[in-house]
$ cat data.cif   # mmCIF, C-alpha atoms
data_start
loop_
_atom_site.label_atom_id
_atom_site.label_comp_id
_atom_site.auth_asym_id
_atom_site.auth_seq_id
_atom_site.Cartn_x
_atom_site.Cartn_y
_atom_site.Cartn_z
CA MET Z 1 -63.44 113.95 53.28
CA CYS Z 2 -60.35 114.22 55.28
CA LEU Z 3 -59.76 111.50 57.86
CA THR Z 4 -57.97 112.40 60.97
CA PRO Z 5 -55.08 110.34 62.30
CA ALA Z 6 -57.20 109.40 65.30
CA PHE Z 7 -59.77 107.73 63.01
CA HIS Z 8 -57.07 105.67 61.23
CA LEU Z 9 -55.67 104.52 64.57
CA SER Z 10 -59.09 103.49 65.86
CA TYR Z 11 -59.94 101.54 62.64
CA ARG Z 12 -56.59 99.72 62.69
CA GLN Z 13 -57.11 98.63 66.33
CA GLN Z 14 -60.59 97.23 65.53
CA MET Z 15 -59.28 95.18 62.61
CA GLN Z 16 -56.55 93.70 64.77
CA ARG Z 17 -59.15 92.62 67.36
CA VAL Z 18 -61.53 91.02 64.85
CA GLY Z 19 -58.88 89.34 62.67
CA PRO Z 20 -59.21 88.42 59.00
CA SER Z 21 -62.69 87.72 57.72
CA SER Z 22 -61.75 84.55 55.76
CA PRO Z 23 -59.18 82.50 57.68
CA THR Z 24 -56.92 80.17 55.76
CA CYS Z 25 -56.57 76.46 56.38
CA SER Z 26 -53.13 76.80 57.85
CA SER Z 27 -54.17 79.43 60.37
CA THR Z 28 -57.08 77.33 61.50
CA SER Z 29 -54.92 74.25 61.79
CA ASP Z 30 -52.59 76.10 64.06
CA ARG Z 31 -55.40 76.96 66.45
CA PHE Z 32 -57.28 73.61 66.56
CA PRO Z 33 -55.94 70.04 66.82
CA LEU Z 34 -56.59 68.02 63.69
CA SER Z 35 -58.15 65.22 65.75
CA LEU Z 36 -61.02 67.52 66.66
CA LEU Z 37 -61.82 68.71 63.12
CA HIS Z 38 -63.47 67.18 60.06
CA THR Z 39 -62.23 69.22 57.10
CA ALA Z 40 -64.02 68.64 53.82
CA GLU Z 41 -62.43 71.57 52.06
CA CYS Z 42 -60.85 74.86 53.05
CA GLY Z 43 -63.23 77.07 54.96
CA SER Z 44 -65.75 74.32 55.81
CA GLU Z 45 -64.44 73.11 59.14
CA THR Z 46 -66.72 71.58 61.74
CA SER Z 47 -65.72 70.48 65.16
CA ALA Z 48 -65.92 66.74 65.79
CA GLU Z 49 -68.31 65.25 68.27
CA PRO Z 50 -66.72 64.19 71.53
CA GLN Z 51 -65.67 60.56 71.38
CA LYS Z 52 -67.48 58.24 73.72
CA HIS Z 53 -65.33 55.88 75.70
CA GLU Z 54 -66.94 52.96 77.46
CA VAL Z 55 -65.23 52.42 80.76
CA ARG Z 56 -65.59 49.07 82.49
CA ALA Z 57 -64.60 48.45 85.99
CA ASP Z 58 -61.88 45.81 86.16
CA ASN Z 59 -63.30 44.47 89.39
CA SER Z 60 -66.93 44.22 88.34
CA PRO Z 61 -68.97 41.47 90.03
CA THR Z 62 -69.32 39.56 86.74
CA ASP Z 63 -65.58 39.46 86.10
CA LEU Z 64 -64.81 38.49 89.67
CA SER Z 65 -67.42 35.74 89.58
CA ARG Z 66 -66.05 34.37 86.32
CA MET Z 67 -62.48 34.46 87.60
CA GLY Z 68 -63.54 32.73 90.80
CA SER Z 69 -65.31 30.02 88.82
CA ILE Z 70 -62.20 29.37 86.69
CA VAL Z 71 -59.93 29.22 89.73
CA SER Z 72 -62.36 26.87 91.44
CA PHE Z 73 -62.38 24.61 88.38
CA TYR Z 74 -58.61 24.32 88.27
CA ILE Z 75 -58.51 23.46 91.96
CA TYR Z 76 -60.93 20.59 91.33
CA TYR Z 77 -59.09 19.58 88.17
CA LEU Z 78 -55.72 19.42 89.93
CA LEU Z 79 -57.40 17.39 92.68
CA CYS Z 80 -58.76 15.07 89.97
CA LEU Z 81 -55.30 14.58 88.49
CA GLY Z 82 -53.73 14.03 91.89
CA LEU Z 83 -56.31 11.48 93.01
CA GLY Z 84 -56.07 9.65 89.68
CA LEU Z 85 -52.30 9.40 89.97
CA ALA Z 86 -52.63 8.22 93.57
CA CYS Z 87 -55.06 5.47 92.46
CA VAL Z 88 -52.65 4.16 89.81
CA VAL Z 89 -49.65 4.24 92.17
CA CYS Z 90 -51.61 2.54 94.95
CA VAL Z 91 -52.95 -0.32 92.80
CA CYS Z 92 -49.52 -0.94 91.24
CA LEU Z 93 -47.87 -0.94 94.66
CA TRP Z 94 -50.43 -3.37 96.04
CA ASN Z 95 -50.02 -5.94 93.27
CA SER Z 96 -46.24 -5.61 92.96
CA GLN Z 97 -45.33 -5.63 96.64
CA TRP Z 98 -48.02 -7.76 98.29
CA ARG Z 99 -49.27 -9.91 95.41
CA GLY Z 100 -45.90 -10.94 93.93
CA GLY Z 101 -45.68 -8.86 90.73
CA PHE Z 102 -46.85 -9.46 87.17
CA ALA Z 103 -46.66 -12.09 84.45
CA TRP Z 104 -48.67 -13.36 81.49
CA ASP Z 105 -48.53 -17.13 81.94
CA GLY Z 106 -51.97 -18.03 83.28
CA SER Z 107 -50.78 -17.97 86.88
CA VAL Z 108 -51.97 -15.80 89.72
CA LEU Z 109 -49.37 -13.25 88.63
CA GLN Z 110 -51.33 -12.75 85.43
CA PHE Z 111 -54.41 -12.01 87.50
CA ASN Z 112 -52.54 -9.08 89.04
CA TRP Z 113 -52.82 -7.25 85.74
CA HIS Z 114 -56.60 -7.23 86.11
CA PRO Z 115 -56.96 -4.69 88.95
CA VAL Z 116 -54.14 -2.51 87.60
CA LEU Z 117 -55.59 -2.26 84.09
CA MET Z 118 -59.20 -1.88 85.20
CA VAL Z 119 -58.45 0.90 87.70
CA THR Z 120 -56.15 2.69 85.24
CA GLY Z 121 -58.42 2.34 82.22
CA LEU Z 122 -62.00 2.07 83.40
CA VAL Z 123 -61.69 4.68 86.16
CA VAL Z 124 -58.69 7.02 85.91
CA LEU Z 125 -58.32 7.45 82.14
CA TYR Z 126 -62.08 7.34 81.67
CA GLY Z 127 -62.66 10.07 84.25
CA ASN Z 128 -59.95 12.34 82.85
CA GLY Z 129 -61.27 11.87 79.34
CA ALA Z 130 -64.77 12.78 80.50
CA VAL Z 131 -63.72 16.17 81.94
CA LEU Z 132 -61.54 17.11 78.97
CA TYR Z 133 -64.15 19.44 77.46
CA ARG Z 134 -64.53 21.33 80.76
CA ILE Z 135 -61.00 22.75 80.71
CA PRO Z 136 -61.35 26.52 80.05
CA LEU Z 137 -58.22 26.52 77.88
CA THR Z 138 -60.14 24.49 75.30
CA TRP Z 139 -62.94 27.06 75.03
CA GLY Z 140 -62.93 29.33 72.03
CA GLN Z 141 -60.72 26.95 70.06
CA ASN Z 142 -61.50 24.60 67.23
CA LYS Z 143 -63.39 21.78 68.89
CA LEU Z 144 -62.36 19.02 66.49
CA PRO Z 145 -58.84 18.42 67.92
CA TRP Z 146 -60.36 18.11 71.39
CA LYS Z 147 -62.98 15.71 70.05
CA LEU Z 148 -60.20 13.57 68.62
CA LEU Z 149 -58.23 13.72 71.87
CA HIS Z 150 -61.36 12.81 73.85
CA ALA Z 151 -62.00 9.84 71.54
CA ALA Z 152 -58.33 8.74 71.73
CA VAL Z 153 -58.21 8.85 75.54
CA MET Z 154 -61.47 6.93 75.76
CA LEU Z 155 -60.25 4.35 73.24
CA LEU Z 156 -57.07 3.82 75.26
CA ALA Z 157 -59.15 3.40 78.41
CA LEU Z 158 -61.38 0.87 76.63
CA LEU Z 159 -58.42 -1.13 75.31
CA LEU Z 160 -56.82 -1.30 78.76
CA SER Z 161 -60.13 -2.50 80.19
CA ILE Z 162 -60.45 -5.22 77.56
CA VAL Z 163 -56.89 -6.42 78.21
CA GLY Z 164 -57.68 -6.45 81.93
CA LEU Z 165 -60.69 -8.67 81.27
CA CYS Z 166 -58.59 -10.99 79.11
CA ALA Z 167 -56.10 -11.34 81.95
CA VAL Z 168 -58.69 -12.50 84.46
CA PHE Z 169 -60.52 -14.81 82.03
CA GLN Z 170 -57.30 -16.56 80.99
CA ASN Z 171 -56.25 -16.93 84.61
CA HIS Z 172 -59.61 -18.45 85.56
CA ASN Z 173 -59.62 -20.81 82.60
CA ALA Z 174 -56.05 -21.98 83.29
CA ASN Z 175 -56.89 -22.75 86.91
CA ASN Z 176 -60.45 -24.11 86.40
CA ILE Z 177 -62.07 -21.19 88.21
CA PRO Z 178 -65.63 -20.32 87.16
CA ASN Z 179 -66.21 -17.08 85.32
CA LEU Z 180 -68.89 -14.45 85.84
CA TYR Z 181 -70.41 -15.87 89.01
CA SER Z 182 -70.05 -12.86 91.33
CA LEU Z 183 -71.89 -9.56 91.46
CA HIS Z 184 -68.54 -7.82 90.96
CA SER Z 185 -68.03 -9.59 87.64
CA TRP Z 186 -71.55 -8.80 86.45
CA ILE Z 187 -71.16 -5.08 87.17
CA GLY Z 188 -67.70 -5.00 85.60
CA ILE Z 189 -68.84 -6.71 82.41
CA ALA Z 190 -71.87 -4.40 82.19
CA ALA Z 191 -69.68 -1.31 82.62
CA THR Z 192 -67.19 -2.45 79.97
CA ALA Z 193 -69.93 -3.43 77.49
CA LEU Z 194 -71.72 -0.09 77.93
CA PHE Z 195 -68.39 1.69 77.57
CA ALA Z 196 -67.74 -0.05 74.23
CA MET Z 197 -71.21 0.82 72.98
CA GLN Z 198 -70.80 4.41 74.15
CA TRP Z 199 -67.53 4.78 72.27
CA VAL Z 200 -68.88 3.33 69.02
CA VAL Z 201 -72.04 5.47 69.15
CA GLY Z 202 -69.98 8.56 69.99
CA LEU Z 203 -67.67 7.92 67.04
CA ALA Z 204 -70.58 7.45 64.65
CA GLY Z 205 -72.63 10.33 66.01
CA PHE Z 206 -70.05 13.04 66.64
CA LEU Z 207 -67.01 12.40 64.44
CA LEU Z 208 -68.23 10.89 61.19
CA PRO Z 209 -69.05 13.55 58.55
CA CYS Z 210 -72.22 11.76 57.49
CA SER Z 211 -73.97 12.17 60.85
CA PRO Z 212 -76.71 14.86 60.66
CA ILE Z 213 -76.90 17.76 63.08
CA SER Z 214 -80.32 16.64 64.36
CA LEU Z 215 -78.84 13.28 65.38
CA ARG Z 216 -76.02 14.98 67.26
CA LYS Z 217 -78.44 17.19 69.17
CA LEU Z 218 -80.47 14.13 70.08
CA LEU Z 219 -77.45 12.06 71.13
CA LYS Z 220 -75.63 14.70 73.18
CA PRO Z 221 -77.70 14.54 76.44
CA VAL Z 222 -77.87 10.74 76.19
CA HIS Z 223 -74.13 10.56 75.65
CA VAL Z 224 -73.45 12.75 78.68
CA TRP Z 225 -75.84 10.79 80.92
CA PHE Z 226 -74.41 7.42 79.91
CA GLY Z 227 -70.92 8.76 80.46
CA GLY Z 228 -71.61 9.54 84.09
CA SER Z 229 -73.50 6.28 84.61
CA ILE Z 230 -70.62 4.21 83.22
CA LEU Z 231 -68.22 5.95 85.58
CA VAL Z 232 -70.44 5.09 88.56
CA LEU Z 233 -70.67 1.44 87.46
CA SER Z 234 -66.89 1.32 87.03
CA ILE Z 235 -66.32 2.64 90.54
CA VAL Z 236 -68.77 0.14 92.02
CA ALA Z 237 -67.08 -2.71 90.12
CA CYS Z 238 -63.60 -1.67 91.28
CA ILE Z 239 -64.35 -1.25 94.97
CA SER Z 240 -66.36 -4.49 95.05
CA GLY Z 241 -63.49 -6.28 93.32
CA ILE Z 242 -60.95 -4.89 95.80
CA ASN Z 243 -63.09 -6.04 98.71
CA GLU Z 244 -63.61 -9.46 97.12
CA LYS Z 245 -59.86 -9.89 96.52
CA LEU Z 246 -59.00 -8.94 100.10
CA PHE Z 247 -61.52 -11.49 101.44
CA PHE Z 248 -59.98 -14.21 99.26
CA VAL Z 249 -56.31 -13.61 100.09
CA LEU Z 250 -56.52 -12.48 103.75
CA LYS Z 251 -57.99 -15.58 105.39
CA GLY Z 252 -55.34 -16.05 108.05
CA ASN Z 253 -54.63 -19.65 106.97
CA SER Z 254 -51.42 -21.57 106.40
CA THR Z 255 -50.12 -18.93 103.99
CA GLY Z 256 -49.10 -16.87 106.97
CA THR Z 257 -51.28 -13.86 106.19
CA GLN Z 258 -53.31 -12.17 108.88
CA PRO Z 259 -57.10 -12.26 108.49
CA TYR Z 260 -58.89 -9.33 106.97
CA ALA Z 261 -60.59 -8.64 110.29
CA LYS Z 262 -57.21 -7.87 111.88
CA LEU Z 263 -56.70 -5.11 109.29
CA PRO Z 264 -53.12 -5.94 108.24
CA PRO Z 265 -51.09 -3.47 106.13
CA GLU Z 266 -52.30 -5.02 102.88
CA ALA Z 267 -55.90 -4.53 103.97
CA VAL Z 268 -55.17 -0.90 104.87
CA LEU Z 269 -53.65 -0.34 101.44
CA GLY Z 270 -56.57 -2.04 99.67
CA ASN Z 271 -59.15 -0.08 101.64
CA SER Z 272 -57.24 3.14 101.00
CA LEU Z 273 -57.29 2.36 97.27
CA GLY Z 274 -61.06 2.00 97.42
CA VAL Z 275 -61.40 5.34 99.22
CA LEU Z 276 -59.17 7.04 96.63
CA ILE Z 277 -61.27 5.62 93.79
CA VAL Z 278 -64.48 6.88 95.38
CA ALA Z 279 -62.95 10.32 96.01
CA PHE Z 280 -61.73 10.49 92.41
CA GLY Z 281 -65.18 9.61 91.12
CA LEU Z 282 -66.86 12.22 93.29
CA VAL Z 283 -64.51 14.94 92.02
CA VAL Z 284 -65.12 13.94 88.40
CA LEU Z 285 -68.89 13.92 88.91
CA LYS Z 286 -68.65 17.33 90.60
CA ILE Z 287 -66.85 18.74 87.56
CA LEU Z 288 -69.35 17.19 85.17
CA SER Z 289 -72.40 18.41 87.11
CA ASN Z 290 -71.36 22.07 87.44
CA HIS Z 291 -73.10 24.00 84.65
CA LYS Z 292 -70.69 26.94 85.00
CA TRP Z 293 -67.85 24.68 83.85
CA GLN Z 294 -69.59 23.43 80.71
CA ARG Z 295 -68.07 24.37 77.39
CA PRO Z 296 -70.00 27.38 75.98
CA GLU Z 297 -72.33 26.46 73.17
CA ALA Z 298 -71.22 27.71 69.77
CA GLY Z 299 -73.30 28.36 66.70
CA PRO Z 300 -74.73 25.76 64.33
CA GLU Z 301 -71.32 25.26 62.79
CA ASP Z 302 -70.19 23.67 66.05
CA MET Z 303 -72.58 20.82 65.41
CA ALA Z 304 -71.45 20.39 61.83
CA TYR Z 305 -68.51 18.36 60.68
CA THR Z 306 -65.22 20.26 60.59
CA PRO Z 307 -62.40 18.99 58.37
CA LEU Z 308 -59.17 17.92 60.04
CA LEU Z 309 -57.19 20.72 58.42
CA HIS Z 310 -59.67 23.45 59.35
CA GLU Z 311 -57.78 26.28 61.04
CA ASP Z 312 -60.56 28.61 62.17
CA ASN Z 313 -62.06 28.46 65.60
CA GLU Z 314 -65.59 27.19 65.96
#

$ encode --input "data.cif" --output "structure tokens"
Amino acid sequence: MCLTPAFHLSYRQQMQRVGPSSPTCSSTSDRFPLSLLHTAECGSETSAEPQKHEVRADNSPTDLSRMGSIVSFYIYYLLCLGLGLACVVCVCLWNSQWRGGFAWDGSVLQFNWHPVLMVTGLVVLYGNGAVLYRIPLTWGQNKLPWKLLHAAVMLLALLLSIVGLCAVFQNHNANNIPNLYSLHSWIGIAATALFAMQWVVGLAGFLLPCSPISLRKLLKPVHVWFGGSILVLSIVACISGINEKLFFVLKGNSTGTQPYAKLPPEAVLGNSLGVLIVAFGLVVLKILSNHKWQRPEAGPEDMAYTPLLHEDNE
């Protein structure tokens, strides 16, 4: 059969519209991005499913609440540090400027070490050591170094407190002054004794590798409760001791000092020290009582002993 030129022209135009029946891999690759294709072999191309992207709002209520909680913590923590430093400066200034300075010879100058060491150790260092776990920068890290730092700070606070007690006992014995007759002394001795017991039990229960996990779970709430109670006892002992000291030295007698009732500058400084100690304690207790600022609980490995050279986070 003879085909007319018109038929050849029409057939050629149809083939150009339809294209080749079996496209090659290269032609297909030119038309479709490779990221949208899963090619097993040539000729068996399937388009990929659209990727799902989870979009989170940067300013979601949860993120804003968490950020606000962290900012609030650091405000309280800076206030804690500032008040603690003010307490130490104030007690040192009082005993160096108004009480004649320091010595270790059994005289009244040796007694001046007592308020300085007790305020620094039993209140300021103790309070800062107690809130150490609440710092958000410590979260998500290996807990063992922070345990060791907590234990070291508390041990330093305990040693300063013991030296402060030695200073007052030696001064009393050298000058034939009775010991442990006042309510202030009873509370101070009780706070220091409980502090020593707390440190020993904490070392045995939380740092020694032989302590079982069940014991740690049992001791943790007791340890936290005793920690706050010891801080309260320490604050009560310090402010009662400050008041007792001011009553003893500001009698308005032949020494030339004005009576306490006249509120001389030394009395103002001593009262201000007591107010700073109370404010410091309230800030520390606020940090300890806020559940949002507690260190997040980790898995069971957090309760287990971690070697000193362990590098992974708990």

$ atom_distance --input "data.cif" --atom1 "atom CA of Z:Leu180" --atom2 "atom CA of Z:Val268"
27.1 Å

$ atom_distance --input "data.cif" --atom1 "atom CA of Z:Tyr126" --atom2 "atom CA of Z:Gln294"
17.8 Å

$ resolve_selection --input "data.cif" --expression "the PyMOL selection byres ((chain Z and resi 138) around 12)" --output "ChimeraX atom specification"
/Z:131-137,139-147,149-150,293-296,313-314

$ closest_atom_pairs --input "data.cif" --of "stretch 163-226 of chain Z" --to "stretch 81-104 of chain Z" --cutoff "12 Å" --atoms "all atoms listed in the file" --output "CSV"
residue,atom,partner,partner_atom,distance
Z:Val163,CA,Z:Trp104,CA,11.2
Z:Gly164,CA,Z:Trp104,CA,11.4
Z:Cys166,CA,Z:Trp104,CA,10.5
Z:Ala167,CA,Z:Trp104,CA,7.7
Z:Val168,CA,Z:Trp104,CA,10.5
Z:Phe169,CA,Z:Trp104,CA,12.0
Z:Gln170,CA,Z:Trp104,CA,9.2
Z:Asn171,CA,Z:Trp104,CA,8.9
Z:Ala174,CA,Z:Trp104,CA,11.5

$ residues_near_point --input "data.cif" --point "(-57.2, -8.3, 85.8)" --cutoff "7 Å" --atoms "only C-alpha atoms" --output "PyMOL selection string"
chain Z and resi 111-118+164-165+167-168

$ residues_around --input "data.cif" --residues "stretch 241-249 of chain Z" --least-positions-apart "6" --cutoff "7 Å" --atoms "only C-alpha atoms" --output "number ranges by chain"
Z: 184, 260, 267, 270

$ residues_around --input "data.cif" --residues "Z:Ile230" --least-positions-apart "5" --cutoff "7 Å" --atoms "all atoms listed in the file" --output "list in words"
Ala191, Leu194 and Phe195 of chain Z

$ atom_distance --input "data.cif" --atom1 "atom CA of Z:Leu285" --atom2 "atom CA of Z:Gly228"
7.1 Å

$ resolve_selection --input "data.cif" --expression "the PyMOL selection byres ((chain Z and resi 213-226) around 8)" --output "number ranges by chain"
Z: 198, 202, 205-206, 211-212, 227-230, 303-304

$ resolve_selection --input "data.cif" --expression "the PyMOL selection byres ((chain Z and resi 154) around 10)" --output "PDB file with C-alpha atoms, in the coordinates of the input"
ATOM      1  CA  GLY Z 121     -58.420   2.340  82.220  1.00  0.00           C
ATOM      2  CA  LEU Z 122     -62.000   2.070  83.400  1.00  0.00           C
ATOM      3  CA  LEU Z 125     -58.320   7.450  82.140  1.00  0.00           C
ATOM      4  CA  TYR Z 126     -62.080   7.340  81.670  1.00  0.00           C
ATOM      5  CA  GLY Z 127     -62.660  10.070  84.250  1.00  0.00           C
ATOM      6  CA  ASN Z 128     -59.950  12.340  82.850  1.00  0.00           C
ATOM      7  CA  GLY Z 129     -61.270  11.870  79.340  1.00  0.00           C
ATOM      8  CA  ALA Z 130     -64.770  12.780  80.500  1.00  0.00           C
ATOM      9  CA  LEU Z 148     -60.200  13.570  68.620  1.00  0.00           C
ATOM     10  CA  LEU Z 149     -58.230  13.720  71.870  1.00  0.00           C
ATOM     11  CA  HIS Z 150     -61.360  12.810  73.850  1.00  0.00           C
ATOM     12  CA  ALA Z 151     -62.000   9.840  71.540  1.00  0.00           C
ATOM     13  CA  ALA Z 152     -58.330   8.740  71.730  1.00  0.00           C
ATOM     14  CA  VAL Z 153     -58.210   8.850  75.540  1.00  0.00           C
ATOM     15  CA  LEU Z 155     -60.250   4.350  73.240  1.00  0.00           C
ATOM     16  CA  LEU Z 156     -57.070   3.820  75.260  1.00  0.00           C
ATOM     17  CA  ALA Z 157     -59.150   3.400  78.410  1.00  0.00           C
ATOM     18  CA  LEU Z 158     -61.380   0.870  76.630  1.00  0.00           C
ATOM     19  CA  LEU Z 159     -58.420  -1.130  75.310  1.00  0.00           C
ATOM     20  CA  LEU Z 160     -56.820  -1.300  78.760  1.00  0.00           C
ATOM     21  CA  PHE Z 195     -68.390   1.690  77.570  1.00  0.00           C
ATOM     22  CA  ALA Z 196     -67.740  -0.050  74.230  1.00  0.00           C
ATOM     23  CA  GLN Z 198     -70.800   4.410  74.150  1.00  0.00           C
ATOM     24  CA  TRP Z 199     -67.530   4.780  72.270  1.00  0.00           C
TER      25      TRP Z 199
END
